[in-house]
file query-v6.cif (mmCIF, C-alpha atoms)
data_model
#
loop_
_atom_site.label_atom_id
_atom_site.label_comp_id
_atom_site.auth_asym_id
_atom_site.auth_seq_id
_atom_site.Cartn_x
_atom_site.Cartn_y
_atom_site.Cartn_z
CA MET Z 22 86.78 131.12 66.87
CA SER Z 23 83.52 130.98 68.81
CA ASP Z 24 81.91 134.16 70.01
CA THR Z 25 80.88 132.51 73.25
CA PRO Z 26 83.51 133.23 75.88
CA GLU Z 27 84.87 130.17 77.61
CA GLU Z 28 85.15 131.70 81.05
CA GLU Z 29 88.07 130.30 82.97
CA PHE Z 30 87.30 132.36 86.06
CA GLU Z 31 84.48 134.55 87.26
CA LEU Z 32 85.30 138.23 86.87
CA PRO Z 33 83.24 140.56 89.09
CA GLN Z 34 81.91 143.68 87.39
CA LEU Z 35 83.58 146.85 88.58
CA TYR Z 36 80.41 148.88 87.98
CA LYS Z 37 76.78 147.91 87.75
CA ARG Z 38 76.51 150.51 85.00
CA HIS Z 39 79.19 152.61 83.33
CA VAL Z 40 78.36 155.86 81.58
CA PHE Z 41 80.60 157.51 79.00
CA ALA Z 42 79.75 161.07 78.08
CA CYS Z 43 81.27 163.02 75.20
CA PHE Z 44 83.31 166.02 76.35
CA THR Z 45 84.45 167.09 72.89
CA GLN Z 46 84.44 170.87 72.47
CA ARG Z 47 84.93 172.25 68.99
CA PRO Z 48 84.80 175.93 68.09
CA PRO Z 49 81.25 177.30 67.60
CA ASN Z 50 81.59 177.52 63.81
CA HIS Z 51 83.19 174.13 63.30
CA PRO Z 52 81.38 172.23 60.51
CA ARG Z 53 81.12 168.99 62.51
CA GLY Z 54 79.73 170.68 65.61
CA SER Z 55 80.36 168.98 68.94
CA CYS Z 56 78.62 167.88 72.11
CA GLY Z 57 80.31 170.76 73.91
CA SER Z 58 78.98 173.37 71.53
CA LEU Z 59 75.51 171.77 71.83
CA GLY Z 60 75.42 172.42 75.57
CA ALA Z 61 76.88 169.28 77.11
CA GLN Z 62 78.72 170.84 80.05
CA PRO Z 63 75.79 171.54 82.43
CA LEU Z 64 74.40 168.08 81.69
CA TRP Z 65 77.61 166.26 82.52
CA ASP Z 66 78.07 168.48 85.58
CA ARG Z 67 74.67 167.32 86.78
CA LEU Z 68 75.47 163.68 86.02
CA GLY Z 69 78.75 163.95 87.91
CA LYS Z 70 76.98 165.42 90.91
CA ARG Z 71 74.40 162.64 90.94
CA VAL Z 72 77.11 159.97 90.79
CA GLU Z 73 79.10 161.69 93.51
CA ALA Z 74 76.05 162.17 95.74
CA ASP Z 75 75.14 158.54 95.27
CA GLY Z 76 78.49 157.53 96.64
CA GLY Z 77 77.82 153.81 96.35
CA GLY Z 78 80.39 153.24 93.64
CA GLU Z 79 78.03 151.15 91.56
CA ILE Z 80 77.71 153.73 88.78
CA GLY Z 81 80.85 154.61 86.84
CA PHE Z 82 81.11 157.93 84.98
CA THR Z 83 83.93 158.60 82.54
CA SER Z 84 84.58 161.46 80.17
CA ALA Z 85 84.94 160.40 76.56
CA GLY Z 86 86.32 161.87 73.37
CA CYS Z 87 84.30 162.07 70.20
CA MET Z 88 82.01 159.06 69.71
CA GLY Z 89 80.68 160.21 66.34
CA PHE Z 90 77.11 161.35 65.58
CA CYS Z 91 78.25 164.86 66.51
CA SER Z 92 75.13 166.58 65.22
CA ALA Z 93 72.96 164.43 67.52
CA GLY Z 94 74.73 165.54 70.71
CA PRO Z 95 75.08 165.91 73.58
CA LEU Z 96 75.63 162.16 73.61
CA MET Z 97 76.23 159.59 76.32
CA VAL Z 98 76.27 155.80 76.22
CA VAL Z 99 75.37 153.45 79.06
CA TYR Z 100 76.96 150.02 79.38
CA PRO Z 101 76.55 147.09 79.68
CA GLU Z 102 73.26 147.71 77.87
CA GLY Z 103 74.84 149.81 75.11
CA VAL Z 104 72.06 152.40 75.17
CA TRP Z 105 72.91 155.76 73.60
CA TYR Z 106 71.15 158.81 74.97
CA ARG Z 107 70.80 162.39 73.77
CA PRO Z 108 69.71 164.38 76.82
CA THR Z 109 69.12 168.11 76.51
CA THR Z 110 68.20 169.22 80.04
CA THR Z 111 69.32 168.47 83.58
CA GLU Z 112 65.85 166.97 84.11
CA ASP Z 113 66.65 164.51 81.34
CA ILE Z 114 69.82 163.59 83.20
CA ASP Z 115 67.90 163.03 86.42
CA GLU Z 116 65.42 160.81 84.62
CA ILE Z 117 68.16 158.73 83.00
CA TYR Z 118 69.93 158.48 86.34
CA ASP Z 119 66.90 157.43 88.36
CA SER Z 120 65.19 155.25 85.78
CA HIS Z 121 68.03 153.57 83.91
CA LEU Z 122 71.25 153.86 85.87
CA LYS Z 123 69.68 153.06 89.22
CA GLY Z 124 66.47 151.32 88.21
CA GLY Z 125 67.43 149.43 85.07
CA LYS Z 126 64.55 150.84 83.03
CA ARG Z 127 65.55 152.44 79.73
CA VAL Z 128 64.26 155.96 79.03
CA ASP Z 129 62.89 155.41 75.56
CA ARG Z 130 62.09 159.03 74.77
CA LEU Z 131 65.76 160.04 75.12
CA VAL Z 132 67.34 157.17 73.20
CA MET Z 133 69.39 157.87 70.08
CA ILE Z 134 67.93 155.73 67.33
CA LEU Z 135 69.92 155.17 64.16
CA SER Z 136 68.49 154.23 60.86
CA ARG Z 137 70.89 152.10 58.91
CA MET D 4 61.77 149.79 90.70
CA SER D 5 62.76 146.54 89.07
CA ASP D 6 66.24 146.09 87.64
CA THR D 7 64.86 144.12 84.72
CA PRO D 8 64.25 146.47 81.80
CA GLU D 9 60.78 146.31 80.36
CA GLU D 10 61.79 146.70 76.74
CA GLU D 11 59.19 148.57 74.74
CA PHE D 12 61.14 148.25 71.51
CA GLU D 13 64.17 146.37 70.31
CA LEU D 14 67.25 148.59 70.17
CA PRO D 15 70.01 147.33 67.85
CA GLN D 16 73.53 147.54 69.24
CA LEU D 17 75.66 150.14 67.52
CA TYR D 18 78.83 148.12 68.11
CA LYS D 19 79.41 144.47 68.77
CA ARG D 20 82.12 145.57 71.19
CA HIS D 21 83.11 149.04 72.33
CA VAL D 22 86.55 149.75 73.73
CA PHE D 23 87.36 152.77 75.89
CA ALA D 24 91.05 153.48 76.43
CA CYS D 25 92.46 155.99 78.90
CA PHE D 26 94.29 158.86 77.21
CA THR D 27 95.12 160.75 80.41
CA GLN D 28 98.61 162.25 80.35
CA ARG D 29 99.96 163.69 83.59
CA PRO D 30 103.46 165.09 84.00
CA PRO D 31 106.14 162.45 84.62
CA ASN D 32 106.54 163.32 88.31
CA HIS D 33 102.82 163.53 89.11
CA PRO D 34 102.06 161.51 92.28
CA ARG D 35 99.05 159.75 90.73
CA GLY D 36 100.87 158.74 87.57
CA SER D 37 98.78 158.24 84.42
CA CYS D 38 98.22 155.83 81.58
CA GLY D 39 100.05 158.26 79.30
CA SER D 40 103.17 158.34 81.43
CA LEU D 41 103.03 154.53 81.62
CA GLY D 42 103.36 154.22 77.85
CA ALA D 43 99.77 154.17 76.59
CA GLN D 44 100.24 156.06 73.33
CA PRO D 45 101.85 153.36 71.14
CA LEU D 46 99.30 150.85 72.42
CA TRP D 47 96.28 152.98 71.58
CA ASP D 48 97.89 153.88 68.24
CA ARG D 49 98.07 150.17 67.48
CA LEU D 50 94.49 149.59 68.61
CA GLY D 51 93.27 152.46 66.44
CA LYS D 52 95.10 151.02 63.45
CA ARG D 53 93.56 147.59 63.97
CA VAL D 54 90.06 149.05 64.23
CA GLU D 55 90.62 151.19 61.15
CA ALA D 56 92.08 148.30 59.15
CA ASP D 57 89.16 146.12 60.15
CA GLY D 58 86.78 148.63 58.65
CA GLY D 59 83.67 146.64 59.44
CA GLY D 60 82.36 149.08 61.99
CA GLU D 61 81.56 146.36 64.49
CA ILE D 62 84.27 147.43 66.95
CA GLY D 63 83.99 150.88 68.50
CA PHE D 64 87.07 152.63 69.89
CA THR D 65 86.76 155.78 71.98
CA SER D 66 89.31 157.78 73.92
CA ALA D 67 88.49 158.15 77.60
CA GLY D 68 89.56 160.37 80.44
CA CYS D 69 90.80 159.02 83.74
CA MET D 70 89.01 155.82 84.77
CA GLY D 71 90.88 155.49 88.07
CA PHE D 72 93.40 152.75 88.97
CA CYS D 73 96.08 155.02 87.52
CA SER D 74 99.00 153.00 88.84
CA ALA D 75 97.71 149.92 87.01
CA GLY D 76 97.76 151.57 83.58
CA PRO D 77 97.70 151.67 80.66
CA LEU D 78 94.05 150.70 81.06
CA MET D 79 91.24 149.92 78.67
CA VAL D 80 87.78 148.49 79.23
CA VAL D 81 85.75 146.40 76.79
CA TYR D 82 81.94 146.51 76.76
CA PRO D 83 79.41 144.95 76.86
CA GLU D 84 81.43 142.42 78.85
CA GLY D 85 82.97 145.00 81.18
CA VAL D 86 86.42 143.47 81.03
CA TRP D 87 89.28 145.73 82.09
CA TYR D 88 92.66 145.13 80.49
CA ARG D 89 96.16 146.36 81.25
CA PRO D 90 98.17 145.74 78.09
CA THR D 91 101.84 146.67 77.99
CA THR D 92 102.95 145.82 74.44
CA THR D 93 101.51 146.11 70.94
CA GLU D 94 101.50 142.29 70.89
CA ASP D 95 99.14 142.43 73.87
CA ILE D 96 96.88 144.75 71.88
CA ASP D 97 96.87 142.37 68.93
CA GLU D 98 96.00 139.46 71.20
CA ILE D 99 93.12 141.37 72.82
CA TYR D 100 91.92 142.47 69.40
CA ASP D 101 92.00 139.03 67.79
CA SER D 102 90.90 136.96 70.75
CA HIS D 103 88.39 139.13 72.57
CA LEU D 104 87.21 141.95 70.34
CA LYS D 105 86.82 139.79 67.27
CA GLY D 106 86.58 136.30 68.72
CA GLY D 107 84.73 136.84 72.00
CA LYS D 108 87.35 135.01 74.06
CA ARG D 109 88.68 136.94 77.05
CA VAL D 110 92.46 137.23 77.41
CA ASP D 111 92.79 136.20 81.02
CA ARG D 112 96.47 136.97 81.43
CA LEU D 113 95.92 140.67 80.65
CA VAL D 114 92.83 141.25 82.78
CA MET D 115 92.91 143.79 85.60
CA ILE D 116 91.77 141.96 88.71
CA LEU D 117 90.74 143.98 91.74
CA SER D 118 90.71 142.75 95.28
CA ARG D 119 88.02 144.47 97.26
#
call {"tool": "encode", "arguments": {"input": "query-v6.cif", "output": "structure tokens"}}
result
Amino acid sequence: MSDTPEEEFELPQLYKRHVFACFTQRPPNHPRGSCGSLGAQPLWDRLGKRVEADGGGEIGFTSAGCMGFCSAGPLMVVYPEGVWYRPTTTEDIDEIYDSHLKGGKRVDRLVMILSR
Amino acid sequence: MSDTPEEEFELPQLYKRHVFACFTQRPPNHPRGSCGSLGAQPLWDRLGKRVEADGGGEIGFTSAGCMGFCSAGPLMVVYPEGVWYRPTTTEDIDEIYDSHLKGGKRVDRLVMILSR
């Protein structure tokens, strides 16, 4: 089977960009850690407020369960680009929002880079 | 700001395709309904089993909170293509898995189409 879709009809994109942020909260002493225990909540609160204030409906924001890489959190991924970010401050969130989500320019300094 | 990213370095994709499935469960009589009350669990169980059996790590599968369109559930979205699906049977899941997730061919009959 080919990996090139044979589009039978044009499907409009619901969102220009869609962010998924990990809301997993494990207990403080849990060996895997979690985005919640690494301080995710104020970051996602800020992100939610930016999306809501924007109001244009072009940025989607959805809570996600564990996406792995728990020790690297708090983690969020932006599609369609598939860029994983590890913000640590609300200023980081604002920069990702303004630069990437609205402007299309990746914020390199906040990207999660895997060695494999 | 331009919407064309000025890539400073190549960022490998973590997953070839990443599926987010709504795990929201509201009570049976809730006015908004939910994917859970529309029978999502056996579908996402099946999807999880397919991903696990595949074992190649090229398909990501993450649980998601409410993505809206609750009455159209159970809902899942596949990135990077941004295709929203509303499967109703485990056979639907298998078809989406084999055709789209592995083969790159969209399953038109299961796509959520919005009129706006």
call {"tool": "residues_around", "arguments": {"input": "query-v6.cif", "residues": "D:Arg35", "least_positions_apart": "3", "cutoff": "12 Å", "atoms": "only C-alpha atoms", "output": "list in words"}}
result
Thr27, Gln28, Arg29, Pro30, Pro31, Asn32, Cys38, Gly39, Ser40, Leu41, Cys69, Gly71, Phe72, Cys73, Ser74, Ala75 and Gly76 of chain D
call {"tool": "resolve_selection", "arguments": {"input": "query-v6.cif", "expression": "the PyMOL selection byres ((chain D and resi 90) around 12)", "output": "mmCIF file with C-alpha atoms, in the coordinates of the input"}}
result
data_model
loop_
_atom_site.group_PDB
_atom_site.id
_atom_site.type_symbol
_atom_site.label_atom_id
_atom_site.label_comp_id
_atom_site.auth_asym_id
_atom_site.auth_seq_id
_atom_site.Cartn_x
_atom_site.Cartn_y
_atom_site.Cartn_z
ATOM 1 C CA ALA D 24 91.050 153.480 76.430
ATOM 2 C CA CYS D 25 92.460 155.990 78.900
ATOM 3 C CA CYS D 38 98.220 155.830 81.580
ATOM 4 C CA LEU D 41 103.030 154.530 81.620
ATOM 5 C CA GLY D 42 103.360 154.220 77.850
ATOM 6 C CA ALA D 43 99.770 154.170 76.590
ATOM 7 C CA GLN D 44 100.240 156.060 73.330
ATOM 8 C CA PRO D 45 101.850 153.360 71.140
ATOM 9 C CA LEU D 46 99.300 150.850 72.420
ATOM 10 C CA TRP D 47 96.280 152.980 71.580
ATOM 11 C CA ARG D 49 98.070 150.170 67.480
ATOM 12 C CA LEU D 50 94.490 149.590 68.610
ATOM 13 C CA ALA D 75 97.710 149.920 87.010
ATOM 14 C CA GLY D 76 97.760 151.570 83.580
ATOM 15 C CA PRO D 77 97.700 151.670 80.660
ATOM 16 C CA LEU D 78 94.050 150.700 81.060
ATOM 17 C CA MET D 79 91.240 149.920 78.670
ATOM 18 C CA VAL D 80 87.780 148.490 79.230
ATOM 19 C CA TRP D 87 89.280 145.730 82.090
ATOM 20 C CA TYR D 88 92.660 145.130 80.490
ATOM 21 C CA ARG D 89 96.160 146.360 81.250
ATOM 22 C CA THR D 91 101.840 146.670 77.990
ATOM 23 C CA THR D 92 102.950 145.820 74.440
ATOM 24 C CA THR D 93 101.510 146.110 70.940
ATOM 25 C CA GLU D 94 101.500 142.290 70.890
ATOM 26 C CA ASP D 95 99.140 142.430 73.870
ATOM 27 C CA ILE D 96 96.880 144.750 71.880
ATOM 28 C CA ASP D 97 96.870 142.370 68.930
ATOM 29 C CA GLU D 98 96.000 139.460 71.200
ATOM 30 C CA ILE D 99 93.120 141.370 72.820
ATOM 31 C CA TYR D 100 91.920 142.470 69.400
ATOM 32 C CA VAL D 110 92.460 137.230 77.410
ATOM 33 C CA ASP D 111 92.790 136.200 81.020
ATOM 34 C CA ARG D 112 96.470 136.970 81.430
ATOM 35 C CA LEU D 113 95.920 140.670 80.650
ATOM 36 C CA VAL D 114 92.830 141.250 82.780
ATOM 37 C CA MET D 115 92.910 143.790 85.600
#
call {"tool": "atom_distance", "arguments": {"input": "query-v6.cif", "atom1": "atom CA of D:Ser66", "atom2": "atom CA of Z:Tyr100"}}
result
15.6 Å
call {"tool": "interface_residues", "arguments": {"input": "query-v6.cif", "of": "chain D", "to": "chain Z", "cutoff": "9 Å", "atoms": "all atoms listed in the file", "output": "VMD selection string"}}
result
chain D and resid 4 to 12 14 to 18 21 23 63 to 70 82 to 87 102 to 103 105 to 109 111 116 to 117
call {"tool": "atom_distance", "arguments": {"input": "query-v6.cif", "atom1": "atom CA of Z:Pro52", "atom2": "atom CA of D:Asp57"}}
result
27.2 Å
call {"tool": "atom_distance", "arguments": {"input": "query-v6.cif", "atom1": "atom CA of D:Gly58", "atom2": "atom CA of D:Val22"}}
result
15.1 Å
call {"tool": "decode", "arguments": {"input": "query-v6.cif", "residues": "stretch 66-113 of chain D", "atoms": "C-alpha atoms", "output": "CSV table (one decimal), in the first residue's frame"}}
result
chain,number,residue,atom,x,y,z
D,66,SER,CA,-5.6,9.5,25.4
D,67,ALA,CA,-7.2,13.0,25.1
D,68,GLY,CA,-9.7,15.0,27.0
D,69,CYS,CA,-12.8,16.5,25.4
D,70,MET,CA,-12.1,17.7,21.8
D,71,GLY,CA,-15.6,19.1,21.3
D,72,PHE,CA,-18.2,17.7,18.9
D,73,CYS,CA,-19.4,15.4,21.7
D,74,SER,CA,-22.5,14.3,20.0
D,75,ALA,CA,-20.5,13.0,17.0
D,76,GLY,CA,-18.4,10.7,19.2
D,77,PRO,CA,-16.5,8.5,19.7
D,78,LEU,CA,-13.9,10.7,18.1
D,79,MET,CA,-10.2,10.4,17.3
D,80,VAL,CA,-7.9,12.6,15.3
D,81,VAL,CA,-4.9,11.5,13.3
D,82,TYR,CA,-1.8,13.8,12.8
D,83,PRO,CA,0.0,15.0,10.9
D,84,GLU,CA,-2.8,14.8,8.5
D,85,GLY,CA,-5.4,16.3,10.9
D,86,VAL,CA,-8.1,13.8,9.9
D,87,TRP,CA,-10.9,13.4,12.4
D,88,TYR,CA,-12.6,10.0,12.6
D,89,ARG,CA,-15.8,8.7,14.2
D,90,PRO,CA,-15.5,4.9,14.3
D,91,THR,CA,-18.3,2.9,15.8
D,92,THR,CA,-17.0,-0.7,15.7
D,93,THR,CA,-13.7,-2.5,16.3
D,94,GLU,CA,-13.7,-3.3,12.6
D,95,ASP,CA,-13.7,0.4,11.9
D,96,ILE,CA,-10.7,0.7,14.1
D,97,ASP,CA,-8.9,-2.1,12.2
D,98,GLU,CA,-9.7,-0.4,8.9
D,99,ILE,CA,-8.4,3.0,10.1
D,100,TYR,CA,-5.3,1.3,11.5
D,101,ASP,CA,-4.5,-0.7,8.4
D,102,SER,CA,-5.5,1.8,5.8
D,103,HIS,CA,-4.6,5.1,7.2
D,104,LEU,CA,-2.2,4.7,10.1
D,105,LYS,CA,0.0,2.1,8.4
D,106,GLY,CA,-0.8,2.6,4.8
D,107,GLY,CA,-1.4,6.4,4.5
D,108,LYS,CA,-4.8,6.0,2.8
D,109,ARG,CA,-7.6,8.0,4.5
D,110,VAL,CA,-10.8,6.0,5.3
D,111,ASP,CA,-13.3,8.4,3.8
D,112,ARG,CA,-16.4,6.7,5.0
D,113,LEU,CA,-15.4,7.2,8.7
